[in-house]
>>> print(open('coords.cif').read())   # mmCIF, C-alpha atoms
data_final
#
loop_
_atom_site.label_atom_id
_atom_site.label_comp_id
_atom_site.auth_asym_id
_atom_site.auth_seq_id
_atom_site.Cartn_x
_atom_site.Cartn_y
_atom_site.Cartn_z
CA MET A 1 -18.46 -2.55 18.93
CA LEU A 2 -17.50 -4.41 15.76
CA LYS A 3 -15.58 -7.59 16.33
CA VAL A 4 -12.75 -7.81 13.81
CA THR A 5 -9.93 -10.35 13.61
CA LEU A 6 -7.03 -10.51 11.22
CA ILE A 7 -5.52 -13.94 10.65
CA ALA A 8 -2.09 -13.66 9.05
CA VAL A 9 0.68 -16.11 8.26
CA GLY A 10 4.05 -15.55 9.90
CA ALA A 11 5.46 -12.63 11.80
CA VAL A 12 6.18 -9.16 10.51
CA LYS A 13 9.97 -9.02 10.60
CA GLU A 14 11.05 -5.75 9.04
CA PRO A 15 11.14 -3.14 11.84
CA TYR A 16 9.44 -0.38 9.81
CA TRP A 17 6.52 -2.61 8.84
CA ARG A 18 6.30 -3.90 12.41
CA ASP A 19 6.19 -0.36 13.81
CA GLY A 20 3.55 0.63 11.27
CA ALA A 21 1.44 -2.42 12.07
CA ALA A 22 1.68 -1.75 15.82
CA GLU A 23 0.65 1.87 15.32
CA PHE A 24 -2.55 1.04 13.44
CA GLU A 25 -3.44 -1.80 15.80
CA LYS A 26 -3.19 0.69 18.65
CA ARG A 27 -5.28 3.31 16.86
CA MET A 28 -8.03 0.78 16.18
CA LYS A 29 -8.57 -0.05 19.84
CA PRO A 30 -11.26 2.59 20.50
CA PHE A 31 -13.28 1.41 17.49
CA TYR A 32 -13.16 -2.35 17.25
CA LYS A 33 -12.79 -5.38 19.41
CA PHE A 34 -9.72 -6.21 17.38
CA GLU A 35 -7.27 -9.06 17.42
CA VAL A 36 -4.42 -10.27 15.22
CA VAL A 37 -3.96 -14.03 15.08
CA GLU A 38 -0.64 -15.13 13.65
CA VAL A 39 -0.29 -18.67 12.42
CA ALA A 40 3.13 -20.16 11.76
CA ALA A 41 4.55 -19.90 8.27
CA GLU A 42 5.63 -23.09 6.51
CA PRO A 43 8.54 -21.92 4.38
CA PHE A 44 8.96 -23.68 1.06
CA GLY A 45 12.09 -24.66 -0.78
CA GLY A 46 14.14 -27.80 -0.27
CA SER A 47 11.78 -30.72 0.38
CA VAL A 48 8.70 -28.53 0.96
CA THR A 49 6.88 -27.41 -2.18
CA ALA A 50 4.94 -24.14 -2.43
CA GLU A 51 1.78 -26.24 -2.72
CA GLN A 52 2.54 -28.10 0.53
CA SER A 53 3.38 -24.82 2.25
CA MET A 54 0.07 -23.30 1.17
CA ARG A 55 -1.89 -26.38 2.33
CA SER A 56 -0.20 -26.53 5.74
CA GLU A 57 -0.69 -22.83 6.34
CA GLY A 58 -4.29 -23.17 5.12
CA GLU A 59 -5.01 -25.84 7.71
CA ARG A 60 -3.55 -23.64 10.44
CA ILE A 61 -5.66 -20.71 9.28
CA LEU A 62 -8.92 -22.67 9.15
CA LYS A 63 -8.43 -23.92 12.71
CA ARG A 64 -8.47 -20.31 13.86
CA VAL A 65 -11.60 -19.20 11.99
CA PRO A 66 -14.47 -19.07 14.49
CA ASP A 67 -17.75 -20.78 13.58
CA GLY A 68 -20.18 -18.38 12.00
CA ALA A 69 -17.57 -15.74 11.19
CA PHE A 70 -17.93 -13.60 8.10
CA VAL A 71 -14.65 -14.31 6.32
CA VAL A 72 -12.91 -11.89 3.97
CA ALA A 73 -9.86 -13.28 2.17
CA LEU A 74 -7.27 -11.00 0.63
CA GLU A 75 -6.61 -12.44 -2.75
CA ARG A 76 -4.92 -11.02 -5.83
CA THR A 77 -7.89 -11.90 -8.05
CA GLY A 78 -10.48 -10.63 -5.57
CA LYS A 79 -12.66 -7.59 -6.08
CA GLU A 80 -10.89 -4.29 -5.59
CA LEU A 81 -12.66 -2.18 -3.01
CA GLY A 82 -12.29 1.50 -2.27
CA SER A 83 -11.85 2.65 1.34
CA ILE A 84 -15.50 3.64 1.66
CA GLU A 85 -16.63 0.29 0.26
CA LEU A 86 -14.48 -1.47 2.84
CA ALA A 87 -16.07 0.65 5.59
CA GLU A 88 -19.53 -0.26 4.25
CA LEU A 89 -18.64 -3.94 4.21
CA LEU A 90 -17.59 -3.71 7.87
CA ARG A 91 -20.78 -1.89 8.80
CA ASN A 92 -23.16 -4.03 6.76
CA GLU A 93 -21.74 -7.34 7.88
CA GLY A 94 -20.59 -6.45 11.37
CA GLU A 95 -23.49 -4.50 12.78
CA GLY A 96 -25.71 -7.55 13.05
CA GLY A 97 -23.09 -8.98 15.39
CA ALA A 98 -21.14 -11.13 12.93
CA HIS A 99 -17.49 -11.63 13.74
CA LEU A 100 -15.49 -10.30 10.79
CA VAL A 101 -12.36 -12.24 9.99
CA PHE A 102 -9.83 -10.99 7.44
CA ILE A 103 -7.22 -13.42 6.15
CA ILE A 104 -3.84 -12.66 4.59
CA GLY A 105 -1.90 -15.63 3.29
CA GLY A 106 1.81 -16.27 3.28
CA ALA A 107 4.31 -16.25 0.44
CA ALA A 108 2.64 -19.22 -1.29
CA GLY A 109 -0.86 -17.70 -1.14
CA LEU A 110 -4.12 -19.04 0.27
CA SER A 111 -5.22 -22.64 -0.18
CA PRO A 112 -8.42 -23.53 -2.08
CA GLU A 113 -9.93 -24.63 1.26
CA VAL A 114 -9.39 -21.19 2.79
CA LEU A 115 -10.75 -19.47 -0.31
CA ALA A 116 -13.79 -21.76 -0.20
CA ARG A 117 -14.45 -20.72 3.41
CA ALA A 118 -14.28 -17.01 2.51
CA THR A 119 -17.56 -15.20 1.91
CA ARG A 120 -15.76 -12.36 0.16
CA LYS A 121 -12.46 -12.15 -1.70
CA ILE A 122 -11.01 -8.70 -1.95
CA SER A 123 -7.87 -7.18 -3.43
CA MET A 124 -6.13 -4.00 -2.35
CA SER A 125 -4.17 -3.30 -5.51
CA LYS A 126 -3.15 -4.75 -8.86
CA MET A 127 0.41 -4.33 -7.65
CA THR A 128 2.18 -7.17 -5.90
CA PHE A 129 3.09 -6.71 -2.23
CA THR A 130 5.01 -8.72 0.25
CA HIS A 131 2.67 -10.20 2.83
CA GLU A 132 4.23 -7.94 5.47
CA MET A 133 3.33 -4.88 3.48
CA ALA A 134 -0.16 -6.20 2.78
CA ARG A 135 -0.67 -6.52 6.53
CA VAL A 136 0.32 -2.93 7.30
CA PHE A 137 -1.75 -1.72 4.39
CA LEU A 138 -4.85 -3.63 5.54
CA LEU A 139 -4.43 -2.47 9.15
CA GLU A 140 -4.27 1.13 7.94
CA GLN A 141 -7.39 0.60 5.86
CA LEU A 142 -9.26 -1.00 8.77
CA TYR A 143 -8.34 2.00 10.91
CA ARG A 144 -9.40 4.31 8.08
CA ALA A 145 -12.72 2.43 7.80
CA ALA A 146 -13.28 2.96 11.53
CA THR A 147 -12.77 6.71 11.16
CA ILE A 148 -15.12 6.75 8.16
CA LEU A 149 -17.83 4.90 10.10
CA ALA A 150 -17.33 7.17 13.11
CA GLY A 151 -17.56 10.25 10.88
CA LYS A 152 -14.15 11.44 12.03
CA ALA A 153 -11.53 13.31 10.05
CA TYR A 154 -8.47 11.16 9.58
CA HIS A 155 -5.54 13.02 11.05
CA LEU A 156 -2.10 11.61 10.53
CA MET B 1 21.44 3.23 -15.39
CA LEU B 2 17.87 4.49 -15.35
CA LYS B 3 17.47 8.02 -14.04
CA VAL B 4 14.43 8.20 -11.78
CA THR B 5 13.24 11.09 -9.63
CA LEU B 6 10.33 11.23 -7.24
CA ILE B 7 8.88 14.67 -6.60
CA ALA B 8 6.71 14.67 -3.49
CA VAL B 9 4.97 17.34 -1.45
CA GLY B 10 5.98 17.74 2.16
CA ALA B 11 8.05 15.58 4.45
CA VAL B 12 7.29 12.09 5.67
CA LYS B 13 6.68 12.64 9.37
CA GLU B 14 5.56 9.36 10.86
CA PRO B 15 8.70 7.48 11.92
CA TYR B 16 7.56 4.08 10.57
CA TRP B 17 6.79 5.51 7.12
CA ARG B 18 10.05 7.46 7.18
CA ASP B 19 12.04 4.34 8.05
CA GLY B 20 10.27 2.38 5.31
CA ALA B 21 10.92 5.12 2.74
CA ALA B 22 14.61 5.30 3.71
CA GLU B 23 14.97 1.55 3.41
CA PHE B 24 13.63 1.38 -0.16
CA GLU B 25 15.58 4.45 -1.25
CA LYS B 26 18.71 2.70 -0.02
CA ARG B 27 17.86 -0.55 -1.78
CA MET B 28 17.31 1.24 -5.07
CA LYS B 29 20.81 2.72 -5.18
CA PRO B 30 22.43 -0.15 -7.12
CA PHE B 31 19.72 0.00 -9.78
CA TYR B 32 18.80 3.61 -10.50
CA LYS B 33 20.29 7.03 -10.42
CA PHE B 34 17.56 7.93 -7.96
CA GLU B 35 16.62 11.12 -6.17
CA VAL B 36 13.72 12.31 -4.04
CA VAL B 37 12.83 15.98 -4.42
CA GLU B 38 10.60 17.31 -1.67
CA VAL B 39 8.72 20.51 -2.28
CA ALA B 40 7.16 22.41 0.60
CA ALA B 41 3.55 21.65 1.49
CA GLU B 42 1.07 24.55 1.57
CA PRO B 43 -1.35 23.48 4.29
CA PHE B 44 -4.95 24.54 3.80
CA GLY B 45 -7.52 25.66 6.33
CA GLY B 46 -8.00 29.18 7.69
CA SER B 47 -7.41 31.69 4.90
CA VAL B 48 -5.85 29.15 2.50
CA THR B 49 -8.32 27.08 0.50
CA ALA B 50 -7.60 23.55 -0.72
CA GLU B 51 -7.63 24.96 -4.28
CA GLN B 52 -4.97 27.55 -3.41
CA SER B 53 -2.90 24.93 -1.63
CA MET B 54 -3.04 22.66 -4.69
CA ARG B 55 -2.06 25.51 -7.04
CA SER B 56 0.89 26.68 -4.90
CA GLU B 57 2.19 23.16 -4.50
CA GLY B 58 1.67 22.61 -8.23
CA GLU B 59 3.86 25.60 -9.09
CA ARG B 60 6.58 24.32 -6.78
CA ILE B 61 6.39 20.88 -8.38
CA LEU B 62 6.56 22.18 -11.96
CA LYS B 63 9.69 24.21 -11.18
CA ARG B 64 11.43 20.97 -10.27
CA VAL B 65 10.43 18.97 -13.36
CA PRO B 66 13.44 18.86 -15.72
CA ASP B 67 12.88 19.76 -19.38
CA GLY B 68 12.26 16.68 -21.47
CA ALA B 69 11.45 14.44 -18.52
CA PHE B 70 8.92 11.65 -18.91
CA VAL B 71 6.43 12.52 -16.16
CA VAL B 72 4.24 10.01 -14.35
CA ALA B 73 1.66 11.49 -11.99
CA LEU B 74 0.08 9.43 -9.25
CA GLU B 75 -3.57 10.20 -9.44
CA ARG B 76 -6.61 8.48 -8.00
CA THR B 77 -8.35 8.34 -11.38
CA GLY B 78 -5.23 7.20 -13.25
CA LYS B 79 -4.75 3.79 -14.78
CA GLU B 80 -4.02 1.03 -12.32
CA LEU B 81 -0.81 -0.77 -13.16
CA GLY B 82 0.47 -4.08 -11.91
CA SER B 83 4.06 -4.35 -10.68
CA ILE B 84 5.25 -5.88 -13.94
CA GLU B 85 3.55 -3.15 -15.97
CA LEU B 86 5.31 -0.53 -13.86
CA ALA B 87 8.64 -2.26 -14.53
CA GLU B 88 7.87 -2.28 -18.26
CA LEU B 89 7.01 1.40 -18.19
CA LEU B 90 10.38 2.14 -16.55
CA ARG B 91 12.22 0.03 -19.09
CA ASN B 92 10.35 1.24 -22.15
CA GLU B 93 10.57 4.91 -21.31
CA GLY B 94 13.87 5.01 -19.45
CA GLU B 95 16.15 2.90 -21.61
CA GLY B 96 16.32 5.50 -24.33
CA GLY B 97 17.80 7.83 -21.75
CA ALA B 98 14.65 9.72 -20.72
CA HIS B 99 14.63 11.02 -17.17
CA LEU B 100 11.63 9.45 -15.43
CA VAL B 101 9.88 11.71 -12.94
CA PHE B 102 7.15 10.40 -10.64
CA ILE B 103 4.97 12.93 -8.84
CA ILE B 104 2.93 12.44 -5.66
CA GLY B 105 0.77 15.38 -4.62
CA GLY B 106 -0.08 16.64 -1.18
CA ALA B 107 -3.32 16.47 0.78
CA ALA B 108 -5.18 18.66 -1.73
CA GLY B 109 -4.08 16.62 -4.75
CA LEU B 110 -2.32 17.62 -7.96
CA SER B 111 -3.16 20.81 -9.86
CA PRO B 112 -4.53 20.72 -13.43
CA GLU B 113 -1.21 22.20 -14.60
CA VAL B 114 0.77 19.32 -13.10
CA LEU B 115 -1.65 16.77 -14.54
CA ALA B 116 -1.36 18.47 -17.95
CA ARG B 117 2.44 18.10 -17.78
CA ALA B 118 2.19 14.39 -16.99
CA THR B 119 2.58 11.94 -19.86
CA ARG B 120 1.05 9.15 -17.80
CA LYS B 121 -1.36 9.13 -14.88
CA ILE B 122 -1.27 6.01 -12.78
CA SER B 123 -3.05 4.80 -9.67
CA MET B 124 -1.76 2.28 -7.15
CA SER B 125 -5.08 1.28 -5.61
CA LYS B 126 -8.76 2.14 -5.44
CA MET B 127 -8.22 2.63 -1.73
CA THR B 128 -7.38 6.04 -0.34
CA PHE B 129 -3.93 6.51 1.17
CA THR B 130 -2.28 9.32 3.00
CA HIS B 131 0.42 10.86 0.83
CA GLU B 132 3.05 9.52 3.24
CA MET B 133 1.83 6.00 2.70
CA ALA B 134 1.60 6.51 -1.05
CA ARG B 135 5.26 7.50 -1.02
CA VAL B 136 6.44 4.39 0.80
CA PHE B 137 4.25 2.26 -1.42
CA LEU B 138 5.65 3.79 -4.60
CA LEU B 139 9.24 3.51 -3.38
CA GLU B 140 8.68 -0.16 -2.66
CA GLN B 141 7.18 -0.65 -6.12
CA LEU B 142 10.09 1.18 -7.79
CA TYR B 143 12.50 -1.08 -5.94
CA ARG B 144 10.39 -4.10 -6.93
CA ALA B 145 10.44 -2.93 -10.56
CA ALA B 146 14.25 -2.74 -10.41
CA THR B 147 14.45 -6.33 -9.17
CA ILE B 148 12.01 -7.44 -11.91
CA LEU B 149 14.10 -5.72 -14.60
CA ALA B 150 17.30 -7.17 -13.16
CA GLY B 151 15.73 -10.64 -13.09
CA LYS B 152 16.38 -10.95 -9.37
CA ALA B 153 14.28 -12.71 -6.76
CA TYR B 154 12.86 -10.20 -4.32
CA HIS B 155 14.04 -11.18 -0.88
CA LEU B 156 12.71 -9.30 2.09
#
>>> encode(input="coords.cif", output="structure tokens")
Amino acid sequence: MLKVTLIAVGAVKEPYWRDGAAEFEKRMKPFYKFEVVEVAAEPFGGSVTAEQSMRSEGERILKRVPDGAFVVALERTGKELGSIELAELLRNEGEGGAHLVFIIGGAAGLSPEVLARATRKISMSKMTFTHEMARVFLLEQLYRAATILAGKAYHL
Amino acid sequence: MLKVTLIAVGAVKEPYWRDGAAEFEKRMKPFYKFEVVEVAAEPFGGSVTAEQSMRSEGERILKRVPDGAFVVALERTGKELGSIELAELLRNEGEGGAHLVFIIGGAAGLSPEVLARATRKISMSKMTFTHEMARVFLLEQLYRAATILAGKAYHL
């Protein structure tokens, strides 16, 4: 069973995004050894700059990346993948036993150190999302990838 | 005030997507004269082919497109826009008084007749969504476009 972790910054607060996230986490259970790791957000404004926020969150993220993990960062300038390409990435990298770690940054984005640790940088859309929405979207796509790899029809 | 209509096929059933859609419809109220028009889905399988489903839904959609509307179809092979480009499209086309109509198809996609009626074909992602998810995503982006045009910070 593929081992997949999502590291994300901050909690999902809006109830509809939270419910959506919980639904797809639940649906993934039969397919992956899956875990969400939330690191604390460092809000900026006042005496904390966006740069400082990004660096602090980056340090928290890197502490939670296991040694040897295959790291995929979600980044606006990353390569846009289709759903089947994402499924292939999971299969190609995960089947040898690598632990796949996806990372979604906070409002200030991902630090250079986190991006340097990432083996792949991917983007889900040219459109801008909130990080809450990005999380629900990625969870849905990870579930979709599981159904693609299992050869199942995706029933909603 | 910009006049914007979304024509979509079928209802949003999953509670988390429904709650998300309702939230962004509500938030748009101060910015647009906005309406969602739902046309009935024609499920395929059994004696109804996907082609027939697409054609029936297409006829229902076209009946609801007002004369003279500027029509934007959401289509996998359409041009990917960023959030700012979507806002510019709304401003450029809507400020002269044109009624902007966005169309999201059902599970079988949009018919050639609907695509022929569309002035623009846009895509939100290379990834595949359910049509429910596409609807929430587009509503969020229409709200985001309104905040961009109004020069507001987007607080979630």
>>> interface_residues(input="coords.cif", of="chain A", to="chain B", cutoff="6 Å", atoms="all atoms listed in the file", output="PyMOL selection string")
chain A and resi 16+19-20+82-83+125-128
>>> residues_around(input="coords.cif", residues="B:Ile104", least_positions_apart="6", cutoff="7 Å", atoms="only C-alpha atoms", output="number ranges by chain")
B: 7-9, 73-74
>>> write_last_selection(input="coords.cif", atoms="C-alpha atoms", output="PDB file, in the coordinates of the input")
ATOM      1  CA  ILE B   7       8.880  14.670  -6.600  1.00  0.00           C
ATOM      2  CA  ALA B   8       6.710  14.670  -3.490  1.00  0.00           C
ATOM      3  CA  VAL B   9       4.970  17.340  -1.450  1.00  0.00           C
ATOM      4  CA  ALA B  73       1.660  11.490 -11.990  1.00  0.00           C
ATOM      5  CA  LEU B  74       0.080   9.430  -9.250  1.00  0.00           C
TER       6      LEU B  74
END
>>> calpha_fit_and_write(input="coords.cif", fixed="chain B", moving="chain A", output="mmCIF file with C-alpha atoms, in the frame of the given file")
data_model
loop_
_atom_site.group_PDB
_atom_site.id
_atom_site.type_symbol
_atom_site.label_atom_id
_atom_site.label_comp_id
_atom_site.auth_asym_id
_atom_site.auth_seq_id
_atom_site.Cartn_x
_atom_site.Cartn_y
_atom_site.Cartn_z
ATOM 1 C CA MET A 1 21.419 3.218 -15.385
ATOM 2 C CA LEU A 2 17.845 4.503 -15.351
ATOM 3 C CA LYS A 3 17.455 8.017 -14.078
ATOM 4 C CA VAL A 4 14.431 8.190 -11.791
ATOM 5 C CA THR A 5 13.235 11.084 -9.637
ATOM 6 C CA LEU A 6 10.333 11.239 -7.249
ATOM 7 C CA ILE A 7 8.880 14.681 -6.604
ATOM 8 C CA ALA A 8 6.713 14.673 -3.489
ATOM 9 C CA VAL A 9 4.975 17.347 -1.457
ATOM 10 C CA GLY A 10 5.994 17.746 2.171
ATOM 11 C CA ALA A 11 8.066 15.588 4.446
ATOM 12 C CA VAL A 12 7.294 12.104 5.668
ATOM 13 C CA LYS A 13 6.662 12.652 9.368
ATOM 14 C CA GLU A 14 5.523 9.367 10.852
ATOM 15 C CA PRO A 15 8.668 7.466 11.930
ATOM 16 C CA TYR A 16 7.531 4.085 10.550
ATOM 17 C CA TRP A 17 6.774 5.512 7.111
ATOM 18 C CA ARG A 18 10.033 7.470 7.190
ATOM 19 C CA ASP A 19 12.031 4.344 8.050
ATOM 20 C CA GLY A 20 10.274 2.392 5.311
ATOM 21 C CA ALA A 21 10.920 5.124 2.759
ATOM 22 C CA ALA A 22 14.609 5.317 3.723
ATOM 23 C CA GLU A 23 14.968 1.550 3.412
ATOM 24 C CA PHE A 24 13.636 1.389 -0.146
ATOM 25 C CA GLU A 25 15.585 4.464 -1.230
ATOM 26 C CA LYS A 26 18.725 2.717 -0.015
ATOM 27 C CA ARG A 27 17.872 -0.547 -1.763
ATOM 28 C CA MET A 28 17.309 1.260 -5.056
ATOM 29 C CA LYS A 29 20.798 2.739 -5.174
ATOM 30 C CA PRO A 30 22.429 -0.131 -7.110
ATOM 31 C CA PHE A 31 19.714 0.012 -9.782
ATOM 32 C CA TYR A 32 18.794 3.598 -10.495
ATOM 33 C CA LYS A 33 20.269 7.034 -10.435
ATOM 34 C CA PHE A 34 17.562 7.939 -7.968
ATOM 35 C CA GLU A 35 16.616 11.117 -6.198
ATOM 36 C CA VAL A 36 13.721 12.313 -4.050
ATOM 37 C CA VAL A 37 12.831 15.979 -4.420
ATOM 38 C CA GLU A 38 10.605 17.315 -1.674
ATOM 39 C CA VAL A 39 8.725 20.519 -2.275
ATOM 40 C CA ALA A 40 7.153 22.411 0.607
ATOM 41 C CA ALA A 41 3.555 21.670 1.481
ATOM 42 C CA GLU A 42 1.081 24.554 1.574
ATOM 43 C CA PRO A 43 -1.337 23.487 4.292
ATOM 44 C CA PHE A 44 -4.933 24.549 3.803
ATOM 45 C CA GLY A 45 -7.495 25.650 6.326
ATOM 46 C CA GLY A 46 -7.961 29.136 7.724
ATOM 47 C CA SER A 47 -7.387 31.668 4.935
ATOM 48 C CA VAL A 48 -5.836 29.146 2.516
ATOM 49 C CA THR A 49 -8.309 27.085 0.500
ATOM 50 C CA ALA A 50 -7.591 23.548 -0.723
ATOM 51 C CA GLU A 51 -7.622 24.953 -4.259
ATOM 52 C CA GLN A 52 -4.966 27.563 -3.405
ATOM 53 C CA SER A 53 -2.892 24.920 -1.633
ATOM 54 C CA MET A 54 -3.015 22.651 -4.677
ATOM 55 C CA ARG A 55 -2.056 25.515 -7.033
ATOM 56 C CA SER A 56 0.875 26.677 -4.896
ATOM 57 C CA GLU A 57 2.204 23.161 -4.496
ATOM 58 C CA GLY A 58 1.673 22.599 -8.233
ATOM 59 C CA GLU A 59 3.841 25.589 -9.081
ATOM 60 C CA ARG A 60 6.576 24.308 -6.779
ATOM 61 C CA ILE A 61 6.389 20.875 -8.381
ATOM 62 C CA LEU A 62 6.557 22.161 -11.959
ATOM 63 C CA LYS A 63 9.674 24.203 -11.188
ATOM 64 C CA ARG A 64 11.429 20.969 -10.285
ATOM 65 C CA VAL A 65 10.436 18.957 -13.366
ATOM 66 C CA PRO A 66 13.433 18.860 -15.713
ATOM 67 C CA ASP A 67 12.897 19.737 -19.381
ATOM 68 C CA GLY A 68 12.274 16.669 -21.470
ATOM 69 C CA ALA A 69 11.448 14.416 -18.524
ATOM 70 C CA PHE A 70 8.916 11.641 -18.908
ATOM 71 C CA VAL A 71 6.430 12.520 -16.174
ATOM 72 C CA VAL A 72 4.250 10.000 -14.357
ATOM 73 C CA ALA A 73 1.670 11.490 -11.990
ATOM 74 C CA LEU A 74 0.079 9.425 -9.255
ATOM 75 C CA GLU A 75 -3.565 10.209 -9.454
ATOM 76 C CA ARG A 76 -6.616 8.487 -8.011
ATOM 77 C CA THR A 77 -8.330 8.342 -11.411
ATOM 78 C CA GLY A 78 -5.205 7.193 -13.252
ATOM 79 C CA LYS A 79 -4.732 3.781 -14.796
ATOM 80 C CA GLU A 80 -4.023 1.021 -12.316
ATOM 81 C CA LEU A 81 -0.814 -0.771 -13.173
ATOM 82 C CA GLY A 82 0.477 -4.087 -11.924
ATOM 83 C CA SER A 83 4.076 -4.351 -10.688
ATOM 84 C CA ILE A 84 5.276 -5.874 -13.951
ATOM 85 C CA GLU A 85 3.555 -3.148 -15.967
ATOM 86 C CA LEU A 86 5.311 -0.533 -13.856
ATOM 87 C CA ALA A 87 8.650 -2.267 -14.510
ATOM 88 C CA GLU A 88 7.876 -2.281 -18.252
ATOM 89 C CA LEU A 89 7.012 1.404 -18.174
ATOM 90 C CA LEU A 90 10.376 2.142 -16.535
ATOM 91 C CA ARG A 91 12.221 0.031 -19.083
ATOM 92 C CA ASN A 92 10.342 1.239 -22.151
ATOM 93 C CA GLU A 93 10.559 4.908 -21.301
ATOM 94 C CA GLY A 94 13.856 4.993 -19.454
ATOM 95 C CA GLU A 95 16.130 2.909 -21.619
ATOM 96 C CA GLY A 96 16.287 5.510 -24.360
ATOM 97 C CA GLY A 97 17.777 7.840 -21.764
ATOM 98 C CA ALA A 98 14.642 9.727 -20.723
ATOM 99 C CA HIS A 99 14.618 11.018 -17.179
ATOM 100 C CA LEU A 100 11.615 9.465 -15.435
ATOM 101 C CA VAL A 101 9.887 11.709 -12.950
ATOM 102 C CA PHE A 102 7.152 10.410 -10.648
ATOM 103 C CA ILE A 103 4.966 12.930 -8.845
ATOM 104 C CA ILE A 104 2.932 12.460 -5.670
ATOM 105 C CA GLY A 105 0.772 15.380 -4.629
ATOM 106 C CA GLY A 106 -0.079 16.643 -1.186
ATOM 107 C CA ALA A 107 -3.305 16.460 0.783
ATOM 108 C CA ALA A 108 -5.171 18.657 -1.727
ATOM 109 C CA GLY A 109 -4.070 16.614 -4.760
ATOM 110 C CA LEU A 110 -2.308 17.630 -7.965
ATOM 111 C CA SER A 111 -3.162 20.804 -9.855
ATOM 112 C CA PRO A 112 -4.524 20.696 -13.429
ATOM 113 C CA GLU A 113 -1.201 22.197 -14.590
ATOM 114 C CA VAL A 114 0.777 19.309 -13.104
ATOM 115 C CA LEU A 115 -1.642 16.760 -14.543
ATOM 116 C CA ALA A 116 -1.344 18.453 -17.941
ATOM 117 C CA ARG A 117 2.451 18.102 -17.789
ATOM 118 C CA ALA A 118 2.206 14.374 -16.986
ATOM 119 C CA THR A 119 2.591 11.932 -19.864
ATOM 120 C CA ARG A 120 1.052 9.146 -17.806
ATOM 121 C CA LYS A 121 -1.353 9.128 -14.872
ATOM 122 C CA ILE A 122 -1.268 6.012 -12.786
ATOM 123 C CA SER A 123 -3.043 4.787 -9.670
ATOM 124 C CA MET A 124 -1.781 2.263 -7.152
ATOM 125 C CA SER A 125 -5.090 1.263 -5.612
ATOM 126 C CA LYS A 126 -8.777 2.126 -5.461
ATOM 127 C CA MET A 127 -8.235 2.602 -1.747
ATOM 128 C CA THR A 128 -7.396 6.013 -0.361
ATOM 129 C CA PHE A 129 -3.954 6.508 1.192
ATOM 130 C CA THR A 130 -2.294 9.302 3.013
ATOM 131 C CA HIS A 131 0.392 10.862 0.851
ATOM 132 C CA GLU A 132 3.031 9.522 3.248
ATOM 133 C CA MET A 133 1.830 6.000 2.710
ATOM 134 C CA ALA A 134 1.606 6.510 -1.046
ATOM 135 C CA ARG A 135 5.266 7.523 -1.013
ATOM 136 C CA VAL A 136 6.449 4.408 0.819
ATOM 137 C CA PHE A 137 4.263 2.265 -1.383
ATOM 138 C CA LEU A 138 5.643 3.803 -4.594
ATOM 139 C CA LEU A 139 9.247 3.526 -3.375
ATOM 140 C CA GLU A 140 8.685 -0.164 -2.654
ATOM 141 C CA GLN A 141 7.198 -0.641 -6.104
ATOM 142 C CA LEU A 142 10.089 1.186 -7.786
ATOM 143 C CA TYR A 143 12.502 -1.084 -5.929
ATOM 144 C CA ARG A 144 10.389 -4.090 -6.912
ATOM 145 C CA ALA A 145 10.438 -2.923 -10.555
ATOM 146 C CA ALA A 146 14.240 -2.741 -10.395
ATOM 147 C CA THR A 147 14.446 -6.335 -9.173
ATOM 148 C CA ILE A 148 12.020 -7.421 -11.905
ATOM 149 C CA LEU A 149 14.096 -5.706 -14.603
ATOM 150 C CA ALA A 150 17.303 -7.163 -13.168
ATOM 151 C CA GLY A 151 15.742 -10.637 -13.093
ATOM 152 C CA LYS A 152 16.392 -10.940 -9.371
ATOM 153 C CA ALA A 153 14.299 -12.699 -6.762
ATOM 154 C CA TYR A 154 12.865 -10.196 -4.337
ATOM 155 C CA HIS A 155 14.036 -11.159 -0.886
ATOM 156 C CA LEU A 156 12.610 -9.312 2.054
#
>>> closest_residue(input="coords.cif", among="B:Ala11, B:Leu110, B:Ile148, B:Met1", to="B:Pro30", atoms="only C-alpha atoms")
B:Met1
>>> atom_distance(input="coords.cif", atom1="atom CA of B:Val36", atom2="atom CA of B:Gln52")
24.1 Å
>>> atom_distance(input="coords.cif", atom1="atom CA of A:Val4", atom2="atom CA of B:His131")
26.3 Å
>>> resolve_selection(input="coords.cif", expression="the PyMOL selection byres ((chain B and resi 92-95) around 9)", output="ChimeraX atom specification")
/B:1-4,70,87-91,96-100
>>> resolve_selection(input="coords.cif", expression="the PyMOL selection byres ((chain B and resi 114-118) around 6)", output="VMD selection string")
chain B and resid 58 71 to 73 111 to 113 119 to 120
